[in-house]
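Data block for work23.cif (mmCIF, C-alpha atoms):
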data_entry
#
loop_
_atom_site.label_atom_id
_atom_site.label_comp_id
_atom_site.auth_asym_id
_atom_site.auth_seq_id
_atom_site.Cartn_x
_atom_site.Cartn_y
_atom_site.Cartn_z
CA ALA T 1319 -25.35 6.30 18.24
CA VAL T 1320 -27.57 6.03 15.20
CA GLY T 1321 -26.14 4.45 12.06
CA ARG T 1322 -26.63 5.77 8.54
CA CYS T 1323 -29.46 3.31 7.89
CA GLY T 1324 -31.35 4.47 10.98
CA GLY T 1325 -30.41 1.54 13.24
CA SER T 1326 -28.71 2.07 16.54
CA VAL T 1327 -25.15 0.89 17.17
CA ASP T 1328 -24.11 -0.23 20.65
CA ALA T 1329 -21.04 1.29 22.31
CA PRO T 1330 -18.84 -1.85 22.26
CA ARG T 1331 -19.40 -2.28 18.52
CA ARG T 1332 -18.71 1.39 17.86
CA ALA T 1333 -15.60 1.09 20.04
CA ARG T 1334 -14.37 -1.81 17.89
CA TRP T 1335 -14.80 0.35 14.78
CA GLU T 1336 -12.95 3.27 16.35
CA ALA T 1337 -10.15 0.99 17.55
CA LYS T 1338 -9.79 -0.51 14.07
CA LEU T 1339 -9.53 3.02 12.64
CA GLY T 1340 -6.87 3.76 15.26
CA GLU T 1341 -4.89 0.67 14.22
CA ALA T 1342 -5.21 1.56 10.54
CA TYR T 1343 -4.02 5.12 11.10
CA LEU T 1344 -1.08 3.79 13.14
CA GLY T 1345 -0.17 1.52 10.25
CA LEU T 1346 -0.22 4.55 7.94
CA GLY T 1347 2.01 6.48 10.34
CA LEU T 1348 -0.72 9.02 11.14
CA LEU T 1349 -0.15 9.15 14.87
CA THR T 1350 -2.51 12.00 15.75
CA GLU T 1351 -5.45 10.36 13.98
CA SER T 1352 -4.55 6.98 15.45
CA ARG T 1353 -4.53 8.33 18.98
CA GLU T 1354 -7.77 10.29 18.48
CA HIS T 1355 -9.72 7.26 17.27
CA THR T 1356 -8.19 4.91 19.82
CA GLU T 1357 -8.93 7.29 22.69
CA HIS T 1358 -12.49 7.62 21.38
CA ALA T 1359 -12.77 3.82 21.52
CA LEU T 1360 -11.59 3.86 25.13
CA ARG T 1361 -14.18 6.52 26.03
CA LEU T 1362 -16.91 4.39 24.44
CA LEU T 1363 -15.73 1.48 26.62
CA ASP T 1364 -15.95 3.71 29.74
CA HIS T 1365 -12.16 3.61 30.20
CA PRO T 1366 -11.08 7.08 29.04
CA PHE T 1367 -7.40 7.83 28.72
CA PRO T 1368 -6.18 10.44 31.26
CA ASP T 1369 -6.65 13.95 29.92
CA THR T 1370 -4.09 15.76 32.10
CA ARG T 1371 -0.59 14.96 33.37
CA LEU T 1372 -1.89 15.02 36.95
CA ASN T 1373 -4.66 12.54 36.12
CA LEU T 1374 -2.06 10.41 34.30
CA ALA T 1375 0.20 10.41 37.38
CA VAL T 1376 -2.66 9.47 39.72
CA GLN T 1377 -3.89 6.67 37.47
CA PHE T 1378 -0.31 5.47 36.94
CA ALA T 1379 0.20 5.18 40.71
CA ARG T 1380 -3.03 3.18 40.98
CA GLY T 1381 -1.94 0.97 38.08
CA VAL T 1382 1.43 0.26 39.71
CA GLY T 1383 -0.40 -0.67 42.91
CA ARG T 1384 -2.72 -3.02 41.06
CA GLN T 1385 0.21 -4.62 39.19
CA THR T 1386 2.09 -5.07 42.46
CA LEU T 1387 -0.92 -6.86 43.93
CA HIS T 1388 -1.11 -9.04 40.83
CA ARG T 1389 2.49 -10.09 41.37
CA ILE T 1390 2.21 -10.90 45.11
CA LEU T 1391 -1.34 -12.19 45.66
CA PRO T 1392 -2.64 -15.57 44.55
CA ARG T 1393 -4.60 -15.31 41.29
CA TRP T 1394 -7.86 -16.44 42.93
CA LEU T 1395 -7.81 -13.42 45.28
CA LEU T 1396 -7.73 -10.86 42.49
CA GLU T 1397 -11.00 -9.13 41.64
CA ARG T 1398 -12.45 -9.82 38.25
CA GLY T 1399 -15.78 -8.07 38.58
CA GLY T 1400 -16.90 -4.98 36.75
CA ALA T 1401 -16.49 -4.79 33.01
CA SER T 1402 -17.08 -7.81 30.79
CA ALA T 1403 -14.16 -9.84 29.49
CA GLU T 1404 -14.82 -8.54 25.96
CA VAL T 1405 -14.71 -4.90 27.08
CA LEU T 1406 -11.51 -5.52 29.03
CA ARG T 1407 -9.91 -7.23 26.02
CA GLN T 1408 -10.91 -4.34 23.77
CA ALA T 1409 -9.56 -1.80 26.25
CA ALA T 1410 -6.28 -3.73 26.59
CA ALA T 1411 -5.87 -3.87 22.80
CA ALA T 1412 -6.65 -0.15 22.49
CA ASP T 1413 -4.11 0.71 25.18
CA GLN T 1414 -1.54 -1.37 23.28
CA VAL T 1415 -2.14 0.86 20.23
CA ILE T 1416 -1.77 3.97 22.42
CA THR T 1417 1.52 2.49 23.71
CA GLN T 1418 2.83 2.24 20.16
CA VAL T 1419 1.64 5.73 19.24
CA CYS T 1420 3.36 7.12 22.33
CA TYR T 1421 6.56 5.24 21.49
CA PHE T 1422 6.69 6.77 18.01
CA SER T 1423 5.74 10.23 19.28
CA GLN T 1424 8.22 9.99 22.19
CA ASP T 1425 5.60 10.44 24.91
CA LEU T 1426 7.28 8.15 27.44
CA ALA T 1427 5.01 8.80 30.42
CA ALA T 1428 1.77 8.17 28.53
CA GLY T 1429 3.27 5.16 26.76
CA VAL T 1430 4.38 3.43 29.95
CA PHE T 1431 1.01 4.17 31.53
CA ALA T 1432 -0.84 2.72 28.52
CA ALA T 1433 1.33 -0.43 28.62
CA LEU T 1434 0.69 -0.84 32.35
CA ARG T 1435 -3.05 -0.28 32.01
CA ALA T 1436 -3.25 -2.72 29.08
CA LEU T 1437 -1.64 -5.35 31.28
CA ASN T 1438 -3.95 -4.67 34.20
CA PHE T 1439 -7.02 -4.91 31.92
CA ALA T 1440 -5.80 -8.10 30.28
CA GLU T 1441 -4.89 -9.82 33.56
CA ARG T 1442 -8.47 -9.32 34.75
CA VAL T 1443 -9.59 -11.42 31.79
CA GLY T 1444 -7.15 -14.27 32.33
CA ALA T 1445 -5.73 -16.37 29.51
CA CYS T 1446 -6.05 -14.41 26.26
CA PRO T 1447 -3.74 -13.15 23.51
CA GLU T 1448 -3.95 -9.62 24.95
CA VAL T 1449 -2.35 -10.71 28.22
CA ALA T 1450 0.55 -12.36 26.38
CA ARG T 1451 1.16 -9.17 24.37
CA ALA T 1452 0.85 -7.01 27.47
CA TYR T 1453 3.41 -9.12 29.37
CA ALA T 1454 5.78 -8.85 26.42
CA THR T 1455 5.33 -5.09 26.27
CA MET T 1456 5.98 -4.71 30.00
CA GLY T 1457 9.09 -6.84 29.56
CA LEU T 1458 10.32 -4.41 26.91
CA VAL T 1459 9.47 -1.42 29.10
CA ALA T 1460 11.37 -2.90 32.04
CA ALA T 1461 14.30 -3.93 29.81
CA SER T 1462 14.70 -0.32 28.68
CA MET T 1463 15.38 0.73 32.28
CA ALA T 1464 18.77 -0.45 33.53
CA PRO T 1465 17.86 -1.41 37.13
CA PHE T 1466 14.86 -3.51 36.06
CA GLN T 1467 16.47 -6.36 34.11
CA ALA T 1468 15.17 -9.04 36.50
CA VAL T 1469 11.66 -7.60 36.17
CA ALA T 1470 12.04 -7.65 32.37
CA GLU T 1471 13.04 -11.31 32.45
CA HIS T 1472 10.09 -12.13 34.72
CA TYR T 1473 7.59 -10.47 32.36
CA GLY T 1474 9.29 -12.21 29.43
CA CYS T 1475 8.70 -15.57 31.07
CA LEU T 1476 5.09 -14.65 31.81
CA ALA T 1477 4.64 -13.58 28.16
CA ARG T 1478 5.98 -16.88 26.83
CA ALA T 1479 3.80 -18.91 29.20
CA ALA T 1480 0.69 -16.85 28.40
CA ALA T 1481 1.29 -17.12 24.65
CA GLU T 1482 1.69 -20.90 24.90
CA ALA T 1483 -1.45 -21.15 27.04
CA VAL T 1484 -3.58 -19.50 24.35
CA GLY T 1485 -1.71 -20.91 21.36
CA ASP T 1486 -0.67 -17.43 20.22
#

Is it possible to give me this structure as structure tokens?
Amino acid sequence: AVGRCGGSVDAPRRARWEAKLGEAYLGLGLLTESREHTEHALRLLDHPFPDTRLNLAVQFARGVGRQTLHRILPRWLLERGGASAEVLRQAAAADQVITQVCYFSQDLAAGVFAALRALNFAERVGACPEVARAYATMGLVAASMAPFQAVAEHYGCLARAAAEAVGD
């Protein structure tokens, strides 16, 4: 992208701008605008949000599989390659905004997916504020579903430990 002064702007920087717009619109209660800008940020980071319910279901199933592996395999066995830590942190933060937008707009399926994906992105980074927030969000998601109280408590413990580890 070319800026107004003629200079070029790299995708991660542009994604940060779009994500900040998404956060600002969320704060103003403008959910449609928030989601549009946040999804644009995710596209710029090469992690587009699913565009159909079928794609959402397929990606959700993959996300559950990844999260299951994260819970049962030793941390050192998990892959961390691919995107940079900064891109993964940005994507996790953007998905957290999408989670909130979906909560307020009552789009449960997309919201749970966004929360799960934010956690999977953040866990690939390791210790960071985004992982603490993502654990806390998954704890809330699990707590809202009656049979998953033990899972909610587990994610709550992970959230507290992650927050302490990064001083957040």

Exercise for review: Might you spell out which residues the PyMOL selection byres ((chain T and resi 1400-1405) around 10) would select in the displayed file, as a PyMOL selection string?
Suggested key: chain T and resi 1330+1333-1334+1360+1362-1365+1397-1399+1406-1411+1439-1440+1442-1444+1446

Point to revise | Spatial neighbours of stretch 1463-1477 of chain T, max dist 8 Å, only C-alpha atoms, sep filter under 5 positions, as a VMD selection string | key: chain T and resid 1449 to 1454 1456 to 1458

Check your understanding: Any chance you could work out the residue set of the PyMOL selection byres ((chain T and resi 1353-1359) around 10) here, as a PyMOL selection string?
Key -> chain T and resi 1329-1344+1348-1352+1360-1368+1408-1409+1411-1420

Point to revise | Chain and number of each residue from the PyMOL selection byres ((chain T and resi 1369-1378) around 10), as a ChimeraX atom specification | key: /T:1366-1368,1379-1384,1427-1428,1430-1432,1434-1435

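Of note, atom CA of T:Arg1478 and atom CA of T:Leu1426 are spaced 25.1 Å apart.
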
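You will find atom CA of T:Leu1437 at 12.1 Å from atom CA of T:Ala1480.
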
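You can rank T:Leu1387, T:Leu1346, T:Val1327, T:Ala1433 by their closest distance to T:Val1459 using only C-alpha atoms, and at the top of that list sits T:Ala1433.
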
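The two atoms in question, atom CA of T:Gln1424 and atom CA of T:Ala1436, are spaced 18.5 Å apart.
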
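With only C-alpha atoms as the basis for measurement, T:Asn1438 is the residue among T:Asn1438, T:Ser1326, T:Ser1462, T:Thr1455 that approaches T:Gln1385 most closely.
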